[in-house]
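File shown: entry.cif. Contents: mmCIF, C-alpha atoms.
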data_run
loop_
_atom_site.label_atom_id
_atom_site.label_comp_id
_atom_site.auth_asym_id
_atom_site.auth_seq_id
_atom_site.Cartn_x
_atom_site.Cartn_y
_atom_site.Cartn_z
CA MET A 13 -10.15 6.88 0.32
CA ARG A 14 -11.83 6.67 3.71
CA TYR A 15 -15.10 7.84 2.23
CA VAL A 16 -15.00 5.21 -0.49
CA ALA A 17 -14.17 2.54 2.09
CA ALA A 18 -17.09 3.63 4.25
CA TYR A 19 -19.38 3.57 1.20
CA LEU A 20 -18.24 0.03 0.42
CA LEU A 21 -18.80 -1.05 4.02
CA VAL A 22 -22.36 0.24 3.90
CA THR A 23 -23.05 -1.70 0.70
CA LEU A 24 -21.41 -4.81 2.10
CA GLY A 25 -23.77 -4.47 5.04
CA GLY A 26 -26.65 -5.05 2.64
CA LYS A 27 -27.94 -1.54 1.94
CA THR A 28 -28.72 -0.81 -1.68
CA THR A 29 -29.01 2.96 -1.22
CA VAL A 30 -26.31 4.69 0.79
CA SER A 31 -27.05 7.91 2.65
CA ALA A 32 -24.68 10.51 4.04
CA THR A 33 -25.65 9.54 7.59
CA ASP A 34 -24.61 5.94 6.89
CA ILE A 35 -21.13 7.01 5.85
CA GLU A 36 -20.81 9.55 8.66
CA LYS A 37 -21.86 6.92 11.20
CA ILE A 38 -19.14 4.52 10.05
CA LEU A 39 -16.46 7.19 10.00
CA SER A 40 -17.41 8.56 13.41
CA SER A 41 -17.27 5.05 14.90
CA VAL A 42 -13.51 5.06 14.30
CA GLY A 43 -12.99 8.67 15.36
CA ILE A 44 -12.91 10.33 11.93
CA GLU A 45 -14.76 13.57 11.37
CA SER A 46 -16.36 13.55 7.94
CA GLU A 47 -16.66 16.44 5.54
CA SER A 48 -20.17 16.62 4.12
CA ASP A 49 -19.04 17.85 0.69
CA LYS A 50 -16.77 14.84 0.23
CA VAL A 51 -19.45 12.46 1.50
CA ASN A 52 -21.97 13.90 -0.94
CA LYS A 53 -19.49 13.73 -3.82
CA ILE A 54 -18.85 10.01 -3.22
CA ILE A 55 -22.56 9.29 -2.97
CA ASN A 56 -23.32 11.20 -6.19
CA GLU A 57 -20.42 9.62 -8.11
CA LEU A 58 -21.34 6.05 -7.13
CA LYS A 59 -25.13 6.37 -7.15
CA GLY A 60 -26.73 3.85 -9.50
CA LYS A 61 -23.43 2.19 -10.47
CA ASN A 62 -22.55 -1.44 -10.07
CA LEU A 63 -19.68 -1.42 -7.58
CA GLU A 64 -18.16 -4.62 -8.94
CA GLU A 65 -17.85 -2.99 -12.36
CA VAL A 66 -16.36 0.16 -10.83
CA ILE A 67 -13.77 -1.90 -8.95
CA ALA A 68 -12.93 -3.93 -12.07
CA ALA A 69 -12.44 -0.74 -14.11
CA GLY A 70 -10.22 0.71 -11.38
CA SER A 71 -8.13 -2.46 -11.25
CA LYS A 72 -7.48 -2.21 -14.99
CA LYS A 73 -6.34 1.38 -14.58
CA LEU A 74 -4.02 0.46 -11.70
CA ALA A 75 -2.48 -2.35 -13.74
CA SER A 76 -1.28 0.19 -16.30
CA VAL A 77 0.53 2.32 -13.70
CA PRO A 78 4.27 1.59 -13.70
CA SER A 79 5.80 0.56 -10.41
CA GLY A 80 9.23 1.61 -9.19
CA GLY A 81 10.75 -1.88 -9.36
CA ALA A 82 10.05 -2.41 -13.05
CA VAL A 83 11.70 0.85 -14.07
CA ALA A 84 14.88 0.18 -12.11
CA ALA A 85 15.20 -3.33 -13.54
CA ALA A 86 14.66 -2.12 -17.10
CA ALA A 87 17.35 0.57 -16.97
CA PRO A 88 20.42 -1.75 -16.97
CA VAL A 89 18.94 -3.81 -19.79
CA ALA A 90 18.68 -0.71 -21.95
CA ALA A 91 22.28 0.25 -21.14
CA GLY A 92 23.65 -3.04 -22.47
CA ALA A 93 24.33 -6.61 -21.41
CA ALA A 94 27.81 -5.91 -20.01
CA ALA A 95 26.57 -3.60 -17.26
CA PRO A 96 24.62 -6.24 -15.28
CA ALA A 97 27.50 -8.71 -15.55
CA ALA A 98 29.93 -6.17 -14.09
CA ALA A 99 27.55 -5.23 -11.29
CA ALA A 100 27.10 -8.81 -10.05
CA PRO A 101 30.66 -9.33 -8.67
CA ALA A 102 30.56 -5.97 -6.92
CA ALA A 103 27.33 -6.93 -5.18
CA GLU A 104 28.83 -10.25 -4.07
CA LYS A 105 31.86 -8.49 -2.56
CA LYS A 106 29.61 -6.14 -0.59
CA GLU A 107 27.60 -9.07 0.78
CA GLU A 108 30.78 -10.87 1.85
CA LYS A 109 32.03 -7.74 3.62
CA LYS A 110 28.76 -7.32 5.49
CA LYS A 111 28.80 -10.95 6.63
CA ALA A 112 32.38 -10.66 7.86
CA GLU A 113 31.64 -7.44 9.73
CA SER A 114 28.60 -8.90 11.45
CA GLU A 115 30.59 -11.93 12.66
CA GLU A 116 33.38 -9.73 13.99
CA SER A 117 30.98 -7.44 15.82
CA ASP A 118 29.74 -10.37 17.90
CA ASP A 119 33.32 -11.16 19.02
CA ASP A 120 34.04 -7.55 19.97
CA MET A 121 31.41 -7.47 22.68
CA GLY A 122 33.69 -9.19 25.18
CA PHE A 123 31.17 -11.56 26.68
CA GLY A 124 29.25 -14.61 25.63
CA LEU A 125 25.74 -15.78 26.21
CA PHE A 126 26.64 -18.00 29.15
CA ASP A 127 29.45 -15.97 30.79
#
Would you give me this structure, written as structure tokens?
Amino acid sequence: MRYVAAYLLVTLGGKTTVSATDIEKILSSVGIESESDKVNKIINELKGKNLEEVIAAGSKKLASVPSGGAVAAAAPVAAGAAAPAAAAPAAEKKEEKKKAESEESDDDMGFGLFD
């Protein structure tokens, strides 16, 4: 990812053709040693391509990747409608317990702010 970011920085700087020394210069400025084979691979893969089109294509691919939150939310729905209704009161009880414990812990300290 660092090599791609350096490549993008070079192009944002106004250069139309990116060389390995350009990428290595950017990476070394932040203390990263570059590997020439990876630098050359990035240059060869992106040479002659419109970066805006490459980014747009990558964004479409990322949109199709499932995220962890969507899977967890979909599981109770598949199990049935009764499961979420039963889980809601249990969650409320836990929240009430946590609030009560946090209030009590302040009293247990034995001193106040202005004592």
Applied to the shown file, which residues does the PyMOL selection byres ((chain A and resi 36) around 10) return, written as number ranges by chain?
A: 15, 18-19, 31-35, 37-41, 44-48, 51
Atoms kept (C-alpha atoms) for selection, written as a PDB file, keeping the file's coordinate frame:
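Once everything was written out, this is part-v5.pdb:
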ATOM      1  CA  TYR A  15     -15.100   7.840   2.230  1.00  0.00           C
ATOM      2  CA  ALA A  18     -17.090   3.630   4.250  1.00  0.00           C
ATOM      3  CA  TYR A  19     -19.380   3.570   1.200  1.00  0.00           C
ATOM      4  CA  SER A  31     -27.050   7.910   2.650  1.00  0.00           C
ATOM      5  CA  ALA A  32     -24.680  10.510   4.040  1.00  0.00           C
ATOM      6  CA  THR A  33     -25.650   9.540   7.590  1.00  0.00           C
ATOM      7  CA  ASP A  34     -24.610   5.940   6.890  1.00  0.00           C
ATOM      8  CA  ILE A  35     -21.130   7.010   5.850  1.00  0.00           C
ATOM      9  CA  LYS A  37     -21.860   6.920  11.200  1.00  0.00           C
ATOM     10  CA  ILE A  38     -19.140   4.520  10.050  1.00  0.00           C
ATOM     11  CA  LEU A  39     -16.460   7.190  10.000  1.00  0.00           C
ATOM     12  CA  SER A  40     -17.410   8.560  13.410  1.00  0.00           C
ATOM     13  CA  SER A  41     -17.270   5.050  14.900  1.00  0.00           C
ATOM     14  CA  ILE A  44     -12.910  10.330  11.930  1.00  0.00           C
ATOM     15  CA  GLU A  45     -14.760  13.570  11.370  1.00  0.00           C
ATOM     16  CA  SER A  46     -16.360  13.550   7.940  1.00  0.00           C
ATOM     17  CA  GLU A  47     -16.660  16.440   5.540  1.00  0.00           C
ATOM     18  CA  SER A  48     -20.170  16.620   4.120  1.00  0.00           C
ATOM     19  CA  VAL A  51     -19.450  12.460   1.500  1.00  0.00           C
TER      20      VAL A  51
END
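Atom pair atom CA of A:Leu21 / atom CA of A:Gly70: separated by 17.7 Å.
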Pairwise distance for atom CA of A:Glu57 and atom CA of A:Val42, rounded to one decimal in Å:
23.9 Å
In Å, rounded to a single decimal, give me how far atom CA of A:Val16 is from atom CA of A:Ile67.
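A separation of 11.1 Å between them.
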Quick one: residues within 10 Å of A:Lys59, only C-alpha atoms counted, chain neighbours fewer than 4 positions away excluded, as an MDAnalysis selection string?
chainID A and resid 28:30 53:55 63
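With distances taken over all atoms listed in the file, A:Leu20 is the one residue among A:Pro78, A:Leu20, A:Lys27, A:Met13 lying closest to A:Val66.
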Would you compute, for all listed atoms of stretch 43-61 of chain A, the axis-aligned bounding box grown by 3 Å on each side, and then report its centre and edge lengths in Å rounded to one decimal, as AutoDock Vina command-line options?
--center_x -19.8 --center_y 10.0 --center_z 2.4 --size_x 19.8 --size_y 21.7 --size_z 31.8
